[in-house]
>>> print(open('model06.txt').read())   # compact mmCIF, C-alpha atoms and all ligand atoms
# COMPACT_ATOMS: atom_id res chain seq x y z
CA MET A 13 0.00 0.00 0.00
CA LEU A 14 2.74 2.47 1.04
CA ILE A 15 4.78 1.56 -2.07
CA THR A 16 1.72 2.21 -4.27
CA ILE A 17 1.20 5.64 -2.67
CA ILE A 18 4.90 6.53 -3.11
CA PHE A 19 4.80 5.31 -6.73
CA LEU A 20 1.64 7.32 -7.49
CA THR A 21 3.06 10.46 -5.83
CA ILE A 22 6.28 10.22 -7.86
CA THR A 23 4.28 9.61 -11.06
CA VAL A 24 2.09 12.68 -10.43
CA ILE A 25 5.14 14.86 -9.66
CA LEU A 26 6.93 13.64 -12.80
CA PHE A 27 3.79 14.29 -14.83
CA ILE A 28 3.48 17.85 -13.50
CA PHE A 29 7.12 18.66 -14.20
CA SER A 30 6.99 17.25 -17.74
CA SER A 31 3.55 18.63 -18.66
CA LYS A 32 3.64 21.46 -21.24
CA THR A 33 0.48 22.94 -19.67
CA LEU A 34 1.47 22.75 -16.01
CA SER A 35 5.08 23.70 -16.62
CA PRO A 36 5.54 25.28 -20.07
CA ILE A 37 9.08 26.40 -19.22
CA PRO A 38 11.24 23.73 -17.55
CA TYR A 39 12.25 24.28 -13.94
CA PHE A 40 15.94 25.15 -13.51
CA PRO A 41 16.90 27.19 -10.46
CA SER A 42 19.18 30.21 -10.89
CA GLN A 43 22.77 29.33 -10.07
CA ARG A 44 23.39 29.77 -6.34
CA VAL A 45 26.87 31.17 -7.06
CA ASP A 46 25.26 34.07 -8.98
CA LEU A 47 22.69 34.87 -6.28
CA PRO A 48 24.58 37.86 -4.72
CA LYS A 49 24.99 39.41 -8.19
CA ILE A 50 21.34 38.79 -9.09
CA ILE A 51 20.19 40.41 -5.84
CA LYS A 52 22.55 43.34 -6.44
CA ALA A 53 21.03 43.73 -9.93
CA LEU A 54 17.54 43.92 -8.39
CA ASN A 55 18.75 47.07 -6.58
CA LEU A 56 16.34 46.73 -3.64
CA ARG A 57 14.77 49.96 -2.42
CA ASN A 58 11.97 51.06 -0.12
CA GLY A 59 8.55 51.19 -1.75
CA GLN A 60 9.41 48.89 -4.63
CA THR A 61 7.88 45.59 -5.65
CA VAL A 62 9.96 42.72 -6.99
CA PHE A 63 8.28 40.01 -9.06
CA ASP A 64 9.90 36.69 -9.85
CA LEU A 65 7.98 35.49 -12.91
CA GLY A 66 8.23 31.70 -12.82
CA ALA A 67 9.66 31.69 -9.31
CA GLY A 68 10.61 28.00 -9.15
CA ASP A 69 11.51 27.02 -5.58
CA GLY A 70 12.00 30.71 -4.70
CA ILE A 71 15.79 30.79 -4.47
CA VAL A 72 15.89 34.38 -5.79
CA ILE A 73 12.76 35.83 -4.22
CA PHE A 74 13.47 34.42 -0.74
CA GLY A 75 17.15 35.41 -0.93
CA ALA A 76 16.22 38.96 -1.94
CA ALA A 77 13.48 39.16 0.71
CA LYS A 78 15.98 38.08 3.36
CA LEU A 79 18.41 40.83 2.44
CA SER A 80 15.56 43.35 2.37
CA TYR A 81 14.56 42.23 5.89
CA GLN A 82 18.17 42.56 7.14
CA GLN A 83 18.37 46.06 5.64
CA LYS A 84 14.99 46.97 7.17
CA LEU A 85 13.47 47.84 3.79
CA ASN A 86 9.76 47.64 3.10
CA THR A 87 10.26 46.19 -0.41
CA ARG A 88 7.53 43.77 -1.43
CA PHE A 89 8.05 40.48 -3.21
CA VAL A 90 5.70 38.55 -5.46
CA ALA A 91 6.48 35.02 -6.64
CA VAL A 92 4.39 33.90 -9.63
CA GLU A 93 4.46 30.21 -10.47
CA ILE A 94 2.31 27.81 -12.49
CA ASN A 95 3.62 24.45 -11.28
CA PRO A 96 1.45 23.25 -8.35
CA VAL A 97 4.30 21.31 -6.70
CA LEU A 98 6.52 24.41 -6.74
CA ILE A 99 3.60 26.51 -5.45
CA LEU A 100 3.36 24.18 -2.47
CA ILE A 101 7.13 24.48 -1.85
CA LEU A 102 6.92 28.29 -2.13
CA HIS A 103 4.10 28.44 0.43
CA LEU A 104 6.00 26.17 2.83
CA ARG A 105 9.18 28.22 2.52
CA ARG A 106 7.26 31.46 2.97
CA LEU A 107 5.80 30.18 6.26
CA PHE A 108 9.29 30.06 7.80
CA HIS A 109 10.67 33.24 6.22
CA PRO A 110 11.49 36.19 8.52
CA ASN A 111 10.10 38.64 5.93
CA LYS A 112 6.93 36.65 5.13
CA LYS A 113 4.63 39.66 5.57
CA ASN A 114 6.19 41.21 2.48
CA ILE A 115 6.07 38.06 0.33
CA LYS A 116 3.09 37.06 -1.80
CA ILE A 117 2.84 33.74 -3.66
CA ILE A 118 0.62 33.72 -6.75
CA TYR A 119 -0.49 30.68 -8.69
CA GLY A 120 -0.71 32.18 -12.17
CA ASP A 121 0.41 32.27 -15.77
CA ILE A 122 3.13 34.84 -16.51
CA PHE A 123 1.93 35.21 -20.12
CA SER A 124 -1.49 36.49 -19.17
CA ILE A 125 -1.36 37.58 -15.51
CA ASN A 126 -3.30 40.75 -14.68
CA TYR A 127 -0.91 42.86 -12.60
CA THR A 128 -3.33 45.70 -11.92
CA LYS A 129 -5.89 43.33 -10.41
CA LEU A 130 -3.20 41.61 -8.38
CA LEU A 131 -1.68 44.67 -6.75
CA THR A 132 -3.43 45.87 -3.66
CA PHE A 133 -0.63 48.26 -2.67
CA ASN A 134 1.17 51.29 -4.14
CA SER A 135 4.66 50.85 -5.48
CA SER A 136 7.12 53.42 -6.82
CA LEU A 137 8.70 50.88 -9.16
CA PHE A 138 8.13 47.33 -10.32
CA ILE A 139 11.12 45.08 -10.86
CA PHE A 140 10.70 41.83 -12.76
CA TYR A 141 13.16 39.01 -12.42
CA LEU A 142 13.09 36.60 -15.34
CA TYR A 143 14.86 33.34 -15.84
CA ILE A 144 12.83 31.81 -18.61
CA SER A 145 13.46 30.30 -22.03
CA PRO A 146 14.47 33.01 -24.56
CA TRP A 147 11.54 32.28 -26.90
CA PHE A 148 9.11 33.07 -24.02
CA LEU A 149 10.82 36.28 -22.90
CA GLU A 150 9.18 38.61 -25.45
CA LYS A 151 5.70 37.27 -24.75
CA THR A 152 6.19 37.81 -21.01
CA VAL A 153 7.64 41.31 -21.45
CA LEU A 154 4.77 42.26 -23.78
CA ASN A 155 2.24 41.36 -21.08
CA ILE A 156 4.13 43.61 -18.60
CA LYS A 157 4.38 46.51 -21.10
CA LYS A 158 0.65 46.39 -21.81
CA GLN A 159 -0.11 47.06 -18.14
CA ILE A 160 2.81 48.93 -16.56
CA ASN A 161 4.68 52.00 -17.90
CA LYS A 162 7.70 52.24 -15.65
CA PHE A 163 9.56 49.08 -14.64
CA ASN A 164 12.93 47.39 -14.46
CA ILE A 165 13.76 43.95 -15.75
CA VAL A 166 16.57 41.72 -14.58
CA SER A 167 16.94 38.80 -16.97
CA TYR A 168 19.19 35.91 -16.06
CA MET A 169 21.22 34.28 -18.81
CA TYR A 170 19.11 35.50 -21.75
CA PRO A 171 18.84 39.07 -23.14
CA VAL A 172 15.48 40.61 -24.02
CA LYS A 173 16.14 41.40 -27.66
CA SER A 174 13.36 44.01 -28.04
CA LEU A 175 14.69 46.19 -25.18
CA SER A 176 17.91 48.22 -24.96
CA LYS A 177 19.89 47.16 -21.95
CA THR A 178 21.06 49.47 -19.19
CA ALA A 179 23.80 47.20 -17.86
CA VAL A 180 25.17 43.67 -17.93
CA ILE A 181 26.69 41.89 -14.96
CA ASN A 182 29.06 39.02 -15.61
CA GLY A 183 28.55 36.04 -13.36
CA LYS A 184 28.68 32.34 -14.10
CA ASN A 185 25.87 33.39 -16.44
CA LYS A 186 25.22 36.94 -17.64
CA ILE A 187 22.64 39.13 -15.89
CA PHE A 188 20.94 41.69 -18.13
CA ILE A 189 19.38 44.84 -16.64
CA TYR A 190 16.75 47.01 -18.36
CA ASN A 191 15.25 50.25 -17.02
CA ILE A 192 12.03 51.12 -18.84
CA LYS A 193 10.58 54.63 -18.32
C1 LIG A 201 14.04 28.32 -15.36
S1 LIG A 201 12.89 28.20 -13.99
C2 LIG A 201 13.39 29.60 -13.03
C3 LIG A 201 13.02 29.47 -11.57
C4 LIG A 201 13.38 30.67 -10.70
N1 LIG A 201 12.92 31.92 -11.25
C5 LIG A 201 14.86 30.75 -10.48
O1 LIG A 201 15.47 31.67 -11.03
O2 LIG A 201 15.42 29.90 -9.78
C6 LIG A 201 11.37 28.71 -14.78
C7 LIG A 201 10.14 28.58 -13.89
O3 LIG A 201 9.01 29.12 -14.56
C8 LIG A 201 7.86 28.34 -14.25
N2 LIG A 201 6.88 28.55 -15.31
C9 LIG A 201 6.90 28.03 -16.54
N3 LIG A 201 5.89 28.50 -17.29
C10 LIG A 201 5.20 29.36 -16.51
C11 LIG A 201 4.04 30.17 -16.71
N4 LIG A 201 3.41 30.19 -17.88
N5 LIG A 201 3.60 30.91 -15.68
C12 LIG A 201 4.24 30.89 -14.48
N6 LIG A 201 5.35 30.15 -14.24
C13 LIG A 201 5.83 29.40 -15.23
C14 LIG A 201 8.40 26.92 -14.19
O4 LIG A 201 7.54 26.07 -13.46
C15 LIG A 201 9.76 27.14 -13.53
O5 LIG A 201 9.67 27.05 -12.15
>>> encode(input="model06.txt", output="structure tokens", more="lines below")
Ligand SMILES: C[S@@+](CC[C@H](N)C(=O)[O-])C[C@H]1O[C@@H](n2cnc3c(N)ncnc32)[C@H](O)[C@@H]1O
Amino acid sequence: MLITIIFLTITVILFIFSSKTLSPIPYFPSQRVDLPKIIKALNLRNGQTVFDLGAGDGIVIFGAAKLSYQQKLNTRFVAVEINPVLILILHLRRLFHPNKKNIKIIYGDIFSINYTKLLTFNSSLFIFYLYISPWFLEKTVLNIKKQINKFNIVSYMYPVKSLSKTAVINGKNKIFIYNIK
């Protein structure tokens, strides 16, 4: 009985991770070694909101939220994820995070998410962290542009070809920064 339950659980998890609907972009966490550079690129400030679009297990959003907490900033963090297993992990990790009051977990699709409906607070600037397949970057950026005028993008590993970059940080992988006004 126990073996059947374990087998079924593993099968469901494998199905979710390989499903094109439940996980259109494969899950790869950002490289831990690049985390300090990624967080520096986010340039955390009071009154800002940082989104991780396709947040995975939350390595970036929880790392950034921890630094924000240590620096006594009121920056807000929103993790958007479509994979139900990763959503569960994000909720569990949030429960034990010192800055949990400033972290929101959203089960949603980054290609169509309605940011204006989602935001119940004012923010001076929105920062979007992206580590997604290059062929999905433009679609995701277009959905942001349609709804928000002023924002920053930090894209890990892949450049956003339609935007002119503000800076590039060299890590194990490149980190591309865009300031859109
Ligand atoms: C390459 S991983 C990056 C994870 C995390 N941002 C990081 O840097 O460690 C891409 C993530 O996007 C999620 N994802 C894929 N398609 C999505 C969609 N349409 N909406 C929301 N999340 C999506 C995947 O489940 C996966 O966790």
>>> atom_distance(input="model06.txt", atom1="atom CA of Lys193 of chain A", atom2="atom CA of Gly70 of chain A")
27.6 Å
>>> residues_around(input="model06.txt", residues="Gly59 of chain A", least_positions_apart="5", cutoff="9 Å", atoms="all atoms listed in the file", output="list in words")
Leu85, Asn86, Thr87, Arg88, Asn134, Ser135, Ser136 and Leu137 of chain A
>>> write_last_selection(input="model06.txt", atoms="C-alpha atoms", output="JSON list (two decimals), in the coordinates of the input")
[["chain", "number", "residue", "atom", "x", "y", "z"],
["A", 85, "LEU", "CA", 13.47, 47.84, 3.79],
["A", 86, "ASN", "CA", 9.76, 47.64, 3.10],
["A", 87, "THR", "CA", 10.26, 46.19, -0.41],
["A", 88, "ARG", "CA", 7.53, 43.77, -1.43],
["A", 134, "ASN", "CA", 1.17, 51.29, -4.14],
["A", 135, "SER", "CA", 4.66, 50.85, -5.48],
["A", 136, "SER", "CA", 7.12, 53.42, -6.82],
["A", 137, "LEU", "CA", 8.70, 50.88, -9.16]]
>>> residues_around(input="model06.txt", residues="Leu98 of chain A", least_positions_apart="5", cutoff="12 Å", atoms="only C-alpha atoms", output="number ranges by chain")
A: 25, 28-29, 34-35, 38-41, 66-71, 91-93, 103-105, 117-120
>>> write_last_selection(input="model06.txt", atoms="C-alpha atoms", output="PDB file, in the frame of the given file")
ATOM      1  CA  ILE A  25       5.140  14.860  -9.660  1.00  0.00           C
ATOM      2  CA  ILE A  28       3.480  17.850 -13.500  1.00  0.00           C
ATOM      3  CA  PHE A  29       7.120  18.660 -14.200  1.00  0.00           C
ATOM      4  CA  LEU A  34       1.470  22.750 -16.010  1.00  0.00           C
ATOM      5  CA  SER A  35       5.080  23.700 -16.620  1.00  0.00           C
ATOM      6  CA  PRO A  38      11.240  23.730 -17.550  1.00  0.00           C
ATOM      7  CA  TYR A  39      12.250  24.280 -13.940  1.00  0.00           C
ATOM      8  CA  PHE A  40      15.940  25.150 -13.510  1.00  0.00           C
ATOM      9  CA  PRO A  41      16.900  27.190 -10.460  1.00  0.00           C
ATOM     10  CA  GLY A  66       8.230  31.700 -12.820  1.00  0.00           C
ATOM     11  CA  ALA A  67       9.660  31.690  -9.310  1.00  0.00           C
ATOM     12  CA  GLY A  68      10.610  28.000  -9.150  1.00  0.00           C
ATOM     13  CA  ASP A  69      11.510  27.020  -5.580  1.00  0.00           C
ATOM     14  CA  GLY A  70      12.000  30.710  -4.700  1.00  0.00           C
ATOM     15  CA  ILE A  71      15.790  30.790  -4.470  1.00  0.00           C
ATOM     16  CA  ALA A  91       6.480  35.020  -6.640  1.00  0.00           C
ATOM     17  CA  VAL A  92       4.390  33.900  -9.630  1.00  0.00           C
ATOM     18  CA  GLU A  93       4.460  30.210 -10.470  1.00  0.00           C
ATOM     19  CA  HIS A 103       4.100  28.440   0.430  1.00  0.00           C
ATOM     20  CA  LEU A 104       6.000  26.170   2.830  1.00  0.00           C
ATOM     21  CA  ARG A 105       9.180  28.220   2.520  1.00  0.00           C
ATOM     22  CA  ILE A 117       2.840  33.740  -3.660  1.00  0.00           C
ATOM     23  CA  ILE A 118       0.620  33.720  -6.750  1.00  0.00           C
ATOM     24  CA  TYR A 119      -0.490  30.680  -8.690  1.00  0.00           C
ATOM     25  CA  GLY A 120      -0.710  32.180 -12.170  1.00  0.00           C
TER      26      GLY A 120
END
>>> atom_distance(input="model06.txt", atom1="atom N2 of ligand LIG 201 (chain A)", atom2="atom CA of Ile99 of chain A")
10.6 Å
>>> closest_residue(input="model06.txt", among="A:Val97, A:Ser167, A:Arg44, A:Phe74", to="Ile22 of chain A", atoms="all atoms listed in the file")
A:Val97
>>> closest_residue(input="model06.txt", among="A:Tyr190, A:Phe108, A:Phe19, A:Tyr168", to="Asp46 of chain A", atoms="only C-alpha atoms")
A:Tyr168
>>> residues_near_point(input="model06.txt", point="(7.3, 33.2, -20.7)", cutoff="12 Å", atoms="all atoms listed in the file", output="ChimeraX atom specification")
/A:35-38,64-67,92-94,120-125,141-156,167,172
>>> atom_distance(input="model06.txt", atom1="atom CA of Ser174 of chain A", atom2="atom CA of Gln159 of chain A")
17.0 Å
>>> residues_around(input="model06.txt", residues="segment 47-58 of chain A", least_positions_apart="2", cutoff="8 Å", atoms="only C-alpha atoms", output="list in words")
Ser42, Gln43, Arg44, Val45, Gln60, Val62, Val72, Gly75, Ala76, Ser80, Leu85, Asn86, Thr87, Ile139, Tyr141, Val166, Tyr168, Ile181, Gly183, Ile187 and Ile189 of chain A
>>> closest_residue(input="model06.txt", among="A:Ile101, A:Lys157, A:Thr178, A:Ala77", to="ligand LIG 201 (chain A)", atoms="only C-alpha atoms and all ligand atoms")
A:Ile101
>>> closest_residue(input="model06.txt", among="A:Gln82, A:Thr21, A:Asn111, A:Asn185", to="ligand LIG 201 (chain A)", atoms="all atoms listed in the file")
A:Asn185
>>> closest_residue(input="model06.txt", among="A:Tyr170, A:Asn161, A:Leu107, A:Ile15", to="ligand LIG 201 (chain A)", atoms="all atoms listed in the file")
A:Tyr170
>>> closest_residue(input="model06.txt", among="A:Met169, A:Leu20, A:Leu79, A:Leu131", to="ligand LIG 201 (chain A)", atoms="only C-alpha atoms and all ligand atoms")
A:Met169
